[in-house]
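Colleague: Can you read through this structure? Questions will come right after.
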Amino acid sequence: MKKIISVLCVLFALLVVAAIPVSAAGAYQTYTYSIDGQALYSPDAYTASKTITAANMGLDKKLNGAKDVITDEAGNVYIADTENNRVVVLDRYFNLRFEINEFRNDQLIMDRFSKPQGVFVTEDRYEEGELKYPGRIYVCDTEASRIVTFTHEGEFASIIEAPESELFADDAIYWPVAVAVDAYDRLFVVSTETNEGVIVMTNEGEFTGFIGAQQSVTSLWDQIWKRFQTKEQREKSETVISYPYNNIAINERGFIYATIYAEQLVTQMTSAITSKSVAGTYAPCKLLNPAGDEIMRRNGFWPPAGEIDYINKEVSAYNGVSRITDVACGPEQTWTIVDYKRNKLYTYDYDGNLLFAFGDSGSQLGNMSNIQSIVYQGDTLLVLYGTSMTQSITVFERTEYGDVLIKALHHQNTRQYDLAIEDWKEILMRNSNYDAAYIGIGQALFRSGDYEEALDYYKSAYDTENYSVAYQEMRKEWMSRFFILIPIVIIIICVLIGKFLKYAAKVNAAAAVSGRKVTFKEEILFVFHLMFHPFDGFYDLKHEKRGSPRVATLFMLLTVISLFYRSVGTGYVMNPQGEYSTIFMQLLIVAVPVALFVIANWCLTTLFDGEGSLKDIYVAVGYSLLPISLTMIPTTLFSNVVVASETDLLTLITTLGFIWAGFLIFFGMMVTHDYSIGKNLLITVVTIVGMVFIMFLGILFTSLVVDMMTFVTDIVSEINYRL
């Protein structure tokens with residue numbers, strides 16, 4: 001009896017498992033990206049619940065080459081079934097309501113579509129309880145070069161013909177593939193053969209202009225060639241000023257999302273990603289206001305351009321940037337783009353933070369191939385995909401994790417910051433690697449005025465931009481409390497620096513006429529005369545023995561300490577990940593170039609009438625390094641109190657310190673060897689070449705020694721083995 005019961009239990013368990021439908025659990029991995037471009041896996045925000053085929057819709061013919069899908073407020077679904085020359089209208093449960101495949105036009109003649117590729121639906125608008133502007137179905141009748149409108153019941157309403165304007169070229173082709181309509185019945189049309197941008201016109205077809213023209217790419221050769229062209233040739237070559245968009249969507253605020261992909265722009269798009277550009281010049285998705293200005297916020301770690309780690313085979317089976325072909329506006333100002341190349345979807349918030357990415361090719365429920373269009377239907381996401389006669393729609397349901405995420409965005413958008421903090425904390429309990437949650441908590445705390453606690457959450461996400469904004473507010477409060485003390489401290493520091501320089505000048509002047517051997521203190525203070533008077537300073541350094549190798553070594557060690565201090569003491573804004581190197585590494589960074597330069601310069605100047613000895617060269621180089629320390633130490637100190645917009649100033653000051661040191665070395669060698677500027681410049685260049693040659697010999701010698709040791713070790717091992 002026990003065996004029978006055990007077997008029945010096993011069979012029951014197997015039946016339960018078999019009854020569970022194949023889900024998207026193993027179909028794809030949801031992830032986001034860290035600040036350093038590493039994929040961070042997260043719980044699924046959407047999971048596939050079912051696939052809707054033509055048979056499920058009640059269609060007598062399968063979808064064939066369908067290009068677009070859209071929904072209305074009631075959840076009805078509209079599909080532009082391109083190759084079948086029809087528009088399919090479904091209810092919210094994906095049951096067929098009606099098809100539009102032929103209609104009687106405004107001339108009362110039976111008419112048909114010609115490869116329609118886009119569809120859009122507007123809602124009924126009421127004024128004072130009366131229907132004033134009935135909603136319409138807009139269909140891009142692509143190869144007929146027109147837009148046809150219908151009522152919500154599928155009755156013909158009007159035909160909007162191709163726009164006419166002098167801005168169109170004489171041979172321009174108008175092939176509308178996507179359309180969006182705002183609350184004022186303005187049409188924003190994407191035409192695959194129109195390079196000047198998104199076409200804007202009234203619902204009567206009156207052309208009003210172009211917006212958002214994509215900047216063209218001109219090669220260096222073309223730029224040079226244009227200088228030799230006539231005016232007519234230049235005008236002819238500049239007729240194509242842009243690349244056409246491929247899709248469009250409009251959000252509830254009337255802003256336009258437009259996507260673009262062109263092989264000619266791949267290099268620029270790649271550069272925009274790797275440089276983390278916040279400009280939209282070569283972005284694959286732009287946000288345009290009705291005036292055509294690009295207003296997209298790109299405040300995330302990476303610009304919203306789809307795949308970031310596009311070389312890592314573990315994340316993507318394809319190389320190169322994403323091929324963005326569609327965009328859909330979601331709840332709480334989120335928006336999703338399609339990577340046609342990888343069959344992935346990327347969802348961002350309004351600030352451009354990547355919320356999640358998912359999707360992949362395959363045969364499981366949730367896998368997709370050849371994604372044609374996406375659209376939100378309330379809390380669900382519909383994806384139209386497939387080729388020719390195998391097209392279908394997969395319905396993705398939002399998970400509990402996704403619900404919490406949208407709820408957090410809602411509370412954040414409605415300024416309910418206390419509730420938003422709780423939502424983001426709940427998300428962190430489910431996904432501790434979710435940087436967007438840390439940023440969300442930080443923003444909520446910031447808007448509540450709790451700047452200090454917000455800094456900790458921004459740090460957790462390496463968000464230097466928002467950290468800088470919060471820290472700037474803290475700094476304002478601190479400066480307001482010590483408003484009188486700050487200028488006093490600055491004045492005291494300036495006075496002390498002035499007195500020290502006067503004291504150093506007095507000591508240097510006394511040492512110059514004393515006629516005795518200079519002391520260690522005088523050798524150190526002499527550098528402040530040398531830095532501001534290099535010609536006299538380096539002459540006295542050599543001929544009057546005002547310096548020594550011990551002080552040169554001291555300044556070199558001070559440079560090492562300065563570099564090490566910069567490594568470990570740089571503020572968070574300039575070093576968010578806390579990277580540092582050891583003091584031994586900094587010693588190598590300073591000592592190796594100095595040694596190579598001194599040896600190479602001495603070898604060359606000995607052959608070319610140089611008057612400086614090896615000691616003179618070393619002392620001159622050592623004294624020349626002090627500006628690096630004098631600029632690096634204070635800039636490192638101030639890096640702990642600056643914000644992101646001020647870091648360029650500190651970088652400039654540090655760079656000037658290196659340039660200052662470089663000029664001192666150059667003039668020091670010129671005075672030490674008694675060279676003219678031209679000869680010294682030539683010797684300096686040859687010295688750098690000599691440094692490279694010495695390094696090559698050193699690496700070659702090291703490799704030979706290693707090979708010899710390996711050879712000897714192998715022989716000894718072989719002998720031991722034989723014995």
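By convention here, the chains of the structure tokens are called A, B, ... in the order presented, each chain's residues are numbered starting at 1, and ligands are numbered starting at 1 in the order presented.
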Residues near Asp450 of chain A, anyone? I mean within 12 Å using only C-alpha atoms, not counting same-chain ones fewer than 3 positions away, as a list in words.
Modeller: Tyr417, Asp418, Ile441, Gly442, Gln443, Ala444, Leu445, Phe446, Arg447, Glu453, Ala454, Leu455, Asp456, Tyr457, Ala470, Tyr471, Glu473 and Met474 of chain A
Colleague: Got time to write the residues from that selection, N, CA and C atoms, as a compact mmCIF listing (two decimals), in the first residue's frame?
Modeller:
```
# COMPACT_ATOMS: atom_id res chain seq x y z
N TYR A 417 6.70 61.66 -1.82
CA TYR A 417 8.06 61.15 -1.68
C TYR A 417 8.19 60.10 -0.58
N ASP A 418 7.43 60.25 0.49
CA ASP A 418 7.49 59.24 1.56
C ASP A 418 7.05 57.87 1.04
N ILE A 441 15.29 56.62 -4.34
CA ILE A 441 15.25 57.00 -2.92
C ILE A 441 16.00 58.31 -2.71
N GLY A 442 17.15 58.43 -3.38
CA GLY A 442 17.92 59.66 -3.25
C GLY A 442 17.15 60.87 -3.73
N GLN A 443 16.45 60.73 -4.84
CA GLN A 443 15.67 61.85 -5.36
C GLN A 443 14.51 62.21 -4.44
N ALA A 444 13.88 61.17 -3.89
CA ALA A 444 12.78 61.43 -2.96
C ALA A 444 13.28 62.16 -1.71
N LEU A 445 14.42 61.71 -1.18
CA LEU A 445 14.99 62.38 -0.01
C LEU A 445 15.43 63.80 -0.34
N PHE A 446 15.99 63.97 -1.52
CA PHE A 446 16.43 65.30 -1.94
C PHE A 446 15.26 66.27 -2.02
N ARG A 447 14.18 65.81 -2.64
CA ARG A 447 13.02 66.69 -2.79
C ARG A 447 12.33 66.94 -1.45
N GLU A 453 21.25 62.54 3.74
CA GLU A 453 20.92 61.13 3.58
C GLU A 453 20.80 60.76 2.10
N ALA A 454 20.36 61.73 1.29
CA ALA A 454 20.26 61.47 -0.15
C ALA A 454 21.63 61.16 -0.73
N LEU A 455 22.68 61.81 -0.21
CA LEU A 455 24.03 61.57 -0.72
C LEU A 455 24.43 60.11 -0.60
N ASP A 456 24.05 59.47 0.50
CA ASP A 456 24.43 58.06 0.70
C ASP A 456 23.81 57.16 -0.36
N TYR A 457 22.56 57.43 -0.72
CA TYR A 457 21.91 56.61 -1.74
C TYR A 457 22.46 56.90 -3.13
N ALA A 470 22.66 67.50 -4.91
CA ALA A 470 22.34 67.45 -3.47
C ALA A 470 23.46 68.07 -2.64
N TYR A 471 24.70 67.77 -3.02
CA TYR A 471 25.83 68.31 -2.26
C TYR A 471 25.91 69.83 -2.41
N GLU A 473 23.41 71.84 -2.61
CA GLU A 473 22.45 72.41 -1.67
C GLU A 473 23.00 72.38 -0.25
N MET A 474 23.67 71.26 0.11
CA MET A 474 24.29 71.19 1.42
C MET A 474 25.37 72.26 1.57
```
Colleague: Using only C-alpha atoms, which residues sit within 8 Å of segment 188-198 of chain A once same-chain residues fewer than 4 positions away are excluded, as number ranges by chain?
Modeller: A: 172-181, 210-214, 240-248
Colleague: Suppose we keep N, CA and C atoms; can you now write the selection as a PDB file, in the first residue's frame?
Modeller:
```
ATOM      1  N   ALA A 172      10.802  64.424 -54.833  1.00  0.00           N
ATOM      2  CA  ALA A 172      10.569  63.833 -53.511  1.00  0.00           C
ATOM      3  C   ALA A 172       9.471  62.777 -53.567  1.00  0.00           C
ATOM      4  N   ILE A 173       9.683  61.698 -52.821  1.00  0.00           N
ATOM      5  CA  ILE A 173       8.703  60.613 -52.718  1.00  0.00           C
ATOM      6  C   ILE A 173       8.118  60.637 -51.313  1.00  0.00           C
ATOM      7  N   TYR A 174       6.814  60.597 -51.225  1.00  0.00           N
ATOM      8  CA  TYR A 174       6.119  60.637 -49.941  1.00  0.00           C
ATOM      9  C   TYR A 174       5.545  59.251 -49.659  1.00  0.00           C
ATOM     10  N   TRP A 175       6.212  58.516 -48.746  1.00  0.00           N
ATOM     11  CA  TRP A 175       5.750  57.193 -48.346  1.00  0.00           C
ATOM     12  C   TRP A 175       5.568  57.177 -46.834  1.00  0.00           C
ATOM     13  N   PRO A 176       4.388  57.542 -46.347  1.00  0.00           N
ATOM     14  CA  PRO A 176       4.174  57.572 -44.891  1.00  0.00           C
ATOM     15  C   PRO A 176       4.147  56.159 -44.302  1.00  0.00           C
ATOM     16  N   VAL A 177       4.922  55.954 -43.244  1.00  0.00           N
ATOM     17  CA  VAL A 177       4.975  54.641 -42.596  1.00  0.00           C
ATOM     18  C   VAL A 177       4.538  54.708 -41.134  1.00  0.00           C
ATOM     19  N   ALA A 178       4.490  55.887 -40.565  1.00  0.00           N
ATOM     20  CA  ALA A 178       4.060  56.034 -39.173  1.00  0.00           C
ATOM     21  C   ALA A 178       3.476  57.423 -38.988  1.00  0.00           C
ATOM     22  N   VAL A 179       2.466  57.520 -38.135  1.00  0.00           N
ATOM     23  CA  VAL A 179       1.809  58.796 -37.904  1.00  0.00           C
ATOM     24  C   VAL A 179       1.417  58.880 -36.431  1.00  0.00           C
ATOM     25  N   ALA A 180       1.461  60.088 -35.897  1.00  0.00           N
ATOM     26  CA  ALA A 180       0.979  60.371 -34.549  1.00  0.00           C
ATOM     27  C   ALA A 180       0.216  61.683 -34.601  1.00  0.00           C
ATOM     28  N   VAL A 181      -0.835  61.794 -33.795  1.00  0.00           N
ATOM     29  CA  VAL A 181      -1.701  62.965 -33.811  1.00  0.00           C
ATOM     30  C   VAL A 181      -1.798  63.502 -32.390  1.00  0.00           C
ATOM     31  N   PHE A 210       8.882  70.938 -41.085  1.00  0.00           N
ATOM     32  CA  PHE A 210       9.618  69.759 -40.635  1.00  0.00           C
ATOM     33  C   PHE A 210      10.132  70.021 -39.231  1.00  0.00           C
ATOM     34  N   ILE A 211      10.255  68.968 -38.438  1.00  0.00           N
ATOM     35  CA  ILE A 211      10.876  69.094 -37.121  1.00  0.00           C
ATOM     36  C   ILE A 211      11.865  67.950 -36.935  1.00  0.00           C
ATOM     37  N   GLY A 212      12.899  68.225 -36.128  1.00  0.00           N
ATOM     38  CA  GLY A 212      13.820  67.184 -35.687  1.00  0.00           C
ATOM     39  C   GLY A 212      14.688  66.589 -36.761  1.00  0.00           C
ATOM     40  N   ALA A 213      15.117  67.363 -37.760  1.00  0.00           N
ATOM     41  CA  ALA A 213      15.960  66.809 -38.818  1.00  0.00           C
ATOM     42  C   ALA A 213      17.241  66.228 -38.228  1.00  0.00           C
ATOM     43  N   GLN A 214      17.578  65.012 -38.628  1.00  0.00           N
ATOM     44  CA  GLN A 214      18.797  64.358 -38.169  1.00  0.00           C
ATOM     45  C   GLN A 214      20.005  64.975 -38.857  1.00  0.00           C
ATOM     46  N   VAL A 240      20.697  66.615 -49.672  1.00  0.00           N
ATOM     47  CA  VAL A 240      20.338  65.622 -48.659  1.00  0.00           C
ATOM     48  C   VAL A 240      21.011  66.035 -47.358  1.00  0.00           C
ATOM     49  N   ILE A 241      20.235  66.536 -46.420  1.00  0.00           N
ATOM     50  CA  ILE A 241      20.810  67.076 -45.192  1.00  0.00           C
ATOM     51  C   ILE A 241      20.558  66.174 -43.993  1.00  0.00           C
ATOM     52  N   SER A 242      19.908  65.054 -44.182  1.00  0.00           N
ATOM     53  CA  SER A 242      19.513  64.267 -43.033  1.00  0.00           C
ATOM     54  C   SER A 242      19.316  62.815 -43.422  1.00  0.00           C
ATOM     55  N   TYR A 243      18.835  62.040 -42.449  1.00  0.00           N
ATOM     56  CA  TYR A 243      18.455  60.647 -42.671  1.00  0.00           C
ATOM     57  C   TYR A 243      17.033  60.471 -42.153  1.00  0.00           C
ATOM     58  N   PRO A 244      16.227  59.653 -42.810  1.00  0.00           N
ATOM     59  CA  PRO A 244      14.818  59.547 -42.420  1.00  0.00           C
ATOM     60  C   PRO A 244      14.633  58.777 -41.119  1.00  0.00           C
ATOM     61  N   TYR A 245      13.611  59.154 -40.363  1.00  0.00           N
ATOM     62  CA  TYR A 245      13.207  58.394 -39.185  1.00  0.00           C
ATOM     63  C   TYR A 245      12.467  57.141 -39.646  1.00  0.00           C
ATOM     64  N   ASN A 246      12.346  56.161 -38.720  1.00  0.00           N
ATOM     65  CA  ASN A 246      11.642  54.931 -39.085  1.00  0.00           C
ATOM     66  C   ASN A 246      10.372  54.698 -38.275  1.00  0.00           C
ATOM     67  N   ASN A 247      10.199  55.429 -37.159  1.00  0.00           N
ATOM     68  CA  ASN A 247       8.973  55.238 -36.387  1.00  0.00           C
ATOM     69  C   ASN A 247       8.761  56.415 -35.454  1.00  0.00           C
ATOM     70  N   ILE A 248       7.580  56.441 -34.867  1.00  0.00           N
ATOM     71  CA  ILE A 248       7.201  57.604 -34.067  1.00  0.00           C
ATOM     72  C   ILE A 248       6.155  57.183 -33.045  1.00  0.00           C
TER      73      ILE A 248
END
```
Colleague: DSSP on the backbone, strand (DSSP E or B) only: what residues of segment 266-432 of chain A does that give? Format it as a ChimeraX atom specification.
Modeller: /A:285-288,294,324-329,335-339,344-348,354-358,365,367,371-377,380-385,392-398
Colleague: Could you check which of A:Lys132, A:His411, A:Lys276, A:Arg92 is closest to Asp423 of chain A, using only C-alpha atoms?
Modeller: A:His411
Colleague: Could you tell me how far atom CA of Tyr310 of chain A lies from atom CA of Ile273 of chain A, in Å and to one decimal?
Modeller: 10.3 Å
Colleague: What residues in segment 414-640 of chain A get the DSSP label alpha helix (DSSP H)? Please answer as number ranges by chain.
Modeller: A: 417-430, 435-447, 451-460, 464-481, 485-514, 520-532, 534-543, 549-569, 583-607, 614-624, 626-638
Colleague: Could you jot down the atom CA of Tyr401 of chain A to atom CA of Thr53 of chain A separation for me, Å, one decimal place?
Modeller: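 Computing it gives 28.0 Å between the two atoms.
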Colleague: So, with only C-alpha atoms as the atoms that count, which of A:Pro549, A:Gly280, A:Gly690, A:Gly698 lies closest to Cys603 of chain A?
Modeller: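 So, comparing all the options, the nearest one is A:Gly690.
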Colleague: Excluding segment 336-347 of chain A and any residue of its chain fewer than 5 positions from it, enumerate the residues within 8 Å of it, using only C-alpha atoms, and give them as a PDB file with N, CA and C atoms, in the first residue's frame.
Modeller:
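What landed in selection31.pdb:
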```pdb
ATOM      1  N   GLY A 306      19.508  51.543 -26.208  1.00  0.00           N
ATOM      2  CA  GLY A 306      19.434  50.091 -26.323  1.00  0.00           C
ATOM      3  C   GLY A 306      20.618  49.418 -25.659  1.00  0.00           C
ATOM      4  N   GLU A 307      21.213  48.459 -26.363  1.00  0.00           N
ATOM      5  CA  GLU A 307      22.284  47.653 -25.789  1.00  0.00           C
ATOM      6  C   GLU A 307      23.539  48.487 -25.545  1.00  0.00           C
ATOM      7  N   SER A 316      24.825  39.501 -25.456  1.00  0.00           N
ATOM      8  CA  SER A 316      24.240  39.623 -26.784  1.00  0.00           C
ATOM      9  C   SER A 316      24.989  38.750 -27.774  1.00  0.00           C
ATOM     10  N   ALA A 317      24.241  38.134 -28.662  1.00  0.00           N
ATOM     11  CA  ALA A 317      24.859  37.310 -29.708  1.00  0.00           C
ATOM     12  C   ALA A 317      25.271  38.146 -30.900  1.00  0.00           C
ATOM     13  N   TYR A 318      25.038  39.452 -30.822  1.00  0.00           N
ATOM     14  CA  TYR A 318      25.325  40.328 -31.957  1.00  0.00           C
ATOM     15  C   TYR A 318      26.310  41.409 -31.528  1.00  0.00           C
ATOM     16  N   SER A 322      22.566  48.873 -31.109  1.00  0.00           N
ATOM     17  CA  SER A 322      21.209  48.396 -31.362  1.00  0.00           C
ATOM     18  C   SER A 322      20.616  49.043 -32.608  1.00  0.00           C
ATOM     19  N   ARG A 323      19.784  48.282 -33.275  1.00  0.00           N
ATOM     20  CA  ARG A 323      19.016  48.805 -34.399  1.00  0.00           C
ATOM     21  C   ARG A 323      17.607  49.081 -33.898  1.00  0.00           C
ATOM     22  N   ILE A 324      17.349  50.327 -33.543  1.00  0.00           N
ATOM     23  CA  ILE A 324      16.079  50.719 -32.934  1.00  0.00           C
ATOM     24  C   ILE A 324      15.048  50.959 -34.036  1.00  0.00           C
ATOM     25  N   THR A 325      13.931  50.241 -33.943  1.00  0.00           N
ATOM     26  CA  THR A 325      12.931  50.330 -35.012  1.00  0.00           C
ATOM     27  C   THR A 325      11.547  50.748 -34.533  1.00  0.00           C
ATOM     28  N   ASP A 326      11.301  50.781 -33.236  1.00  0.00           N
ATOM     29  CA  ASP A 326       9.980  51.204 -32.773  1.00  0.00           C
ATOM     30  C   ASP A 326      10.100  51.714 -31.343  1.00  0.00           C
ATOM     31  N   VAL A 327       9.123  52.514 -30.937  1.00  0.00           N
ATOM     32  CA  VAL A 327       9.077  53.071 -29.593  1.00  0.00           C
ATOM     33  C   VAL A 327       7.625  53.123 -29.158  1.00  0.00           C
ATOM     34  N   ALA A 328       7.385  52.874 -27.882  1.00  0.00           N
ATOM     35  CA  ALA A 328       6.031  52.912 -27.328  1.00  0.00           C
ATOM     36  C   ALA A 328       6.060  53.651 -26.002  1.00  0.00           C
ATOM     37  N   CYS A 329       5.041  54.456 -25.749  1.00  0.00           N
ATOM     38  CA  CYS A 329       4.935  55.215 -24.504  1.00  0.00           C
ATOM     39  C   CYS A 329       4.131  54.410 -23.495  1.00  0.00           C
ATOM     40  N   GLY A 330       4.713  54.222 -22.299  1.00  0.00           N
ATOM     41  CA  GLY A 330       4.086  53.417 -21.274  1.00  0.00           C
ATOM     42  C   GLY A 330       3.561  54.244 -20.118  1.00  0.00           C
ATOM     43  N   LEU A 354      17.655  53.495 -17.373  1.00  0.00           N
ATOM     44  CA  LEU A 354      17.201  52.182 -17.824  1.00  0.00           C
ATOM     45  C   LEU A 354      16.543  51.457 -16.659  1.00  0.00           C
ATOM     46  N   LEU A 355      15.253  51.180 -16.792  1.00  0.00           N
ATOM     47  CA  LEU A 355      14.522  50.469 -15.748  1.00  0.00           C
ATOM     48  C   LEU A 355      14.712  48.968 -15.859  1.00  0.00           C
ATOM     49  N   PHE A 356      14.638  48.446 -17.070  1.00  0.00           N
ATOM     50  CA  PHE A 356      14.863  47.026 -17.297  1.00  0.00           C
ATOM     51  C   PHE A 356      14.943  46.775 -18.794  1.00  0.00           C
ATOM     52  N   ALA A 357      15.600  45.680 -19.136  1.00  0.00           N
ATOM     53  CA  ALA A 357      15.698  45.221 -20.524  1.00  0.00           C
ATOM     54  C   ALA A 357      15.441  43.722 -20.529  1.00  0.00           C
ATOM     55  N   PHE A 358      14.735  43.251 -21.552  1.00  0.00           N
ATOM     56  CA  PHE A 358      14.468  41.817 -21.633  1.00  0.00           C
ATOM     57  C   PHE A 358      14.171  41.435 -23.069  1.00  0.00           C
ATOM     58  N   GLY A 359      14.125  40.136 -23.313  1.00  0.00           N
ATOM     59  CA  GLY A 359      13.822  39.617 -24.639  1.00  0.00           C
ATOM     60  C   GLY A 359      14.964  38.802 -25.203  1.00  0.00           C
ATOM     61  N   ASP A 360      14.617  37.897 -26.115  1.00  0.00           N
ATOM     62  CA  ASP A 360      15.634  37.070 -26.773  1.00  0.00           C
ATOM     63  C   ASP A 360      14.944  36.275 -27.872  1.00  0.00           C
ATOM     64  N   SER A 361      15.770  35.693 -28.730  1.00  0.00           N
ATOM     65  CA  SER A 361      15.250  34.810 -29.773  1.00  0.00           C
ATOM     66  C   SER A 361      15.096  33.402 -29.207  1.00  0.00           C
ATOM     67  N   MET A 368      11.033  36.021 -29.115  1.00  0.00           N
ATOM     68  CA  MET A 368      10.497  36.726 -30.275  1.00  0.00           C
ATOM     69  C   MET A 368      11.557  36.792 -31.364  1.00  0.00           C
ATOM     70  N   SER A 369      11.111  37.003 -32.566  1.00  0.00           N
ATOM     71  CA  SER A 369      12.019  37.218 -33.686  1.00  0.00           C
ATOM     72  C   SER A 369      11.352  38.176 -34.660  1.00  0.00           C
ATOM     73  N   ASN A 370      12.152  39.047 -35.255  1.00  0.00           N
ATOM     74  CA  ASN A 370      11.646  40.029 -36.210  1.00  0.00           C
ATOM     75  C   ASN A 370      10.505  40.860 -35.623  1.00  0.00           C
ATOM     76  N   ILE A 371      10.806  41.516 -34.502  1.00  0.00           N
ATOM     77  CA  ILE A 371       9.787  42.357 -33.860  1.00  0.00           C
ATOM     78  C   ILE A 371       9.437  43.517 -34.789  1.00  0.00           C
ATOM     79  N   GLN A 372       8.154  43.668 -35.064  1.00  0.00           N
ATOM     80  CA  GLN A 372       7.692  44.718 -35.962  1.00  0.00           C
ATOM     81  C   GLN A 372       7.153  45.930 -35.213  1.00  0.00           C
ATOM     82  N   SER A 373       6.496  45.696 -34.081  1.00  0.00           N
ATOM     83  CA  SER A 373       5.874  46.812 -33.385  1.00  0.00           C
ATOM     84  C   SER A 373       5.542  46.414 -31.952  1.00  0.00           C
ATOM     85  N   ILE A 374       5.500  47.412 -31.066  1.00  0.00           N
ATOM     86  CA  ILE A 374       5.100  47.195 -29.676  1.00  0.00           C
ATOM     87  C   ILE A 374       4.120  48.282 -29.284  1.00  0.00           C
TER      88      ILE A 374
END
```
Colleague: Using only C-alpha atoms, which residues sit within 8 Å of segment 65-68 of chain A once same-chain residues fewer than 5 positions away are excluded, as number ranges by chain?
Modeller: A: 79-84, 117-119, 372-374, 384, 387-389, 391
Colleague: Excluding same-chain residues fewer than 3 positions from Thr570 of chain A, what lies within 10 Å of it counting only C-alpha atoms, as a ChimeraX atom specification?
Modeller: /A:564-567,573-576,578-580,633,635-640
Colleague: Counting only C-alpha atoms, figure out which residue out of A:Thr151, A:Ala504, A:Leu485, A:Ser613 gets nearest to His543 of chain A.
Modeller: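 Nearest candidate to His543 of chain A out of A:Thr151, A:Ala504, A:Leu485, A:Ser613: A:Ser613.
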Colleague: With only C-alpha atoms as the atoms that count, which of A:Val383, A:Ile308, A:Leu541, A:Leu530 lies nearest to Ile35 of chain A?
Modeller: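 The shortest atom-to-atom distance to Ile35 of chain A comes from A:Ile308.
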Colleague: Tell me which of A:Val148, A:Ile561, A:Ile688, A:Ile617 sits closest to Met669 of chain A, counting only C-alpha atoms.
Modeller: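 Between A:Val148, A:Ile561, A:Ile688, A:Ile617, the residue approaching Met669 of chain A most closely is A:Ile617.
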Colleague: Taking a cut-off of 12 Å and counting only C-alpha atoms, can you build a table that, for each residue of segment 537-597 of chain A near segment 604-611 of chain A, reports the nearest atom pair and how far apart they are in Å (one decimal), sorted by chain then residue number, as a tab-separated table?
Modeller:
```
residue	atom	partner	partner_atom	distance
A:Tyr539	CA	A:Glu611	CA	11.8
A:Lys542	CA	A:Glu611	CA	10.3
A:His543	CA	A:Glu611	CA	11.2
A:Phe597	CA	A:Leu604	CA	10.5
```
Colleague: Which neighbours of Pro43 of chain A fall inside 9 Å, counting only C-alpha atoms, when residues of the same chain fewer than 4 positions from it are skipped, and could you give them as a list in words?
Modeller: Gln29, Thr30, Tyr31, Tyr401, Gly402, Arg430 and Asn431 of chain A
Colleague: Please produce a file of those selected residues containing N, CA and C atoms, as a short mmCIF file (atom, residue, chain, number, x, y, z; two decimals), in the first residue's frame.
Modeller:
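Result written to again.cif:
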```cif
data_model
loop_
_atom_site.label_atom_id
_atom_site.label_comp_id
_atom_site.auth_asym_id
_atom_site.auth_seq_id
_atom_site.Cartn_x
_atom_site.Cartn_y
_atom_site.Cartn_z
N GLN A 29 16.42 36.76 -19.88
CA GLN A 29 16.89 37.28 -18.60
C GLN A 29 16.69 38.78 -18.58
N THR A 30 16.00 39.27 -17.56
CA THR A 30 15.82 40.71 -17.38
C THR A 30 17.06 41.28 -16.70
N TYR A 31 17.47 42.47 -17.13
CA TYR A 31 18.69 43.05 -16.56
C TYR A 31 18.68 44.56 -16.74
N TYR A 401 6.69 42.61 -9.27
CA TYR A 401 7.88 43.47 -9.22
C TYR A 401 7.71 44.69 -10.11
N GLY A 402 7.17 44.48 -11.31
CA GLY A 402 6.91 45.59 -12.21
C GLY A 402 5.86 46.54 -11.66
N ARG A 430 13.95 43.09 -3.20
CA ARG A 430 13.84 42.07 -4.23
C ARG A 430 15.07 42.06 -5.15
N ASN A 431 15.73 43.22 -5.25
CA ASN A 431 16.86 43.33 -6.18
C ASN A 431 17.83 44.36 -5.62
#
```
Colleague: Rounded to one decimal place, report the atom CA of Thr32 of chain A-atom CA of Tyr348 of chain A distance in Å.
Modeller: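 About the pair atom CA of Thr32 of chain A and atom CA of Tyr348 of chain A: they are 10.3 Å apart.
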Colleague: Using only C-alpha atoms, which of the listed residues (A:Thr334, A:Thr71, A:Ser514, A:Gln416) sits closest to Val88 of chain A?
Modeller: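 For Val88 of chain A, the nearest of the candidates is A:Thr71.
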Colleague: With a distance cut-off of 9 Å and only C-alpha atoms, select the neighbouring residues of segment 621-630 of chain A, excluding the residue or stretch itself and same-chain residues fewer than 4 positions from it, and output the selection as a ChimeraX atom specification.
Modeller: /A:527,530-531,547,549,551-556,558-563,594,597-598,616-617,634,654-665,668-669
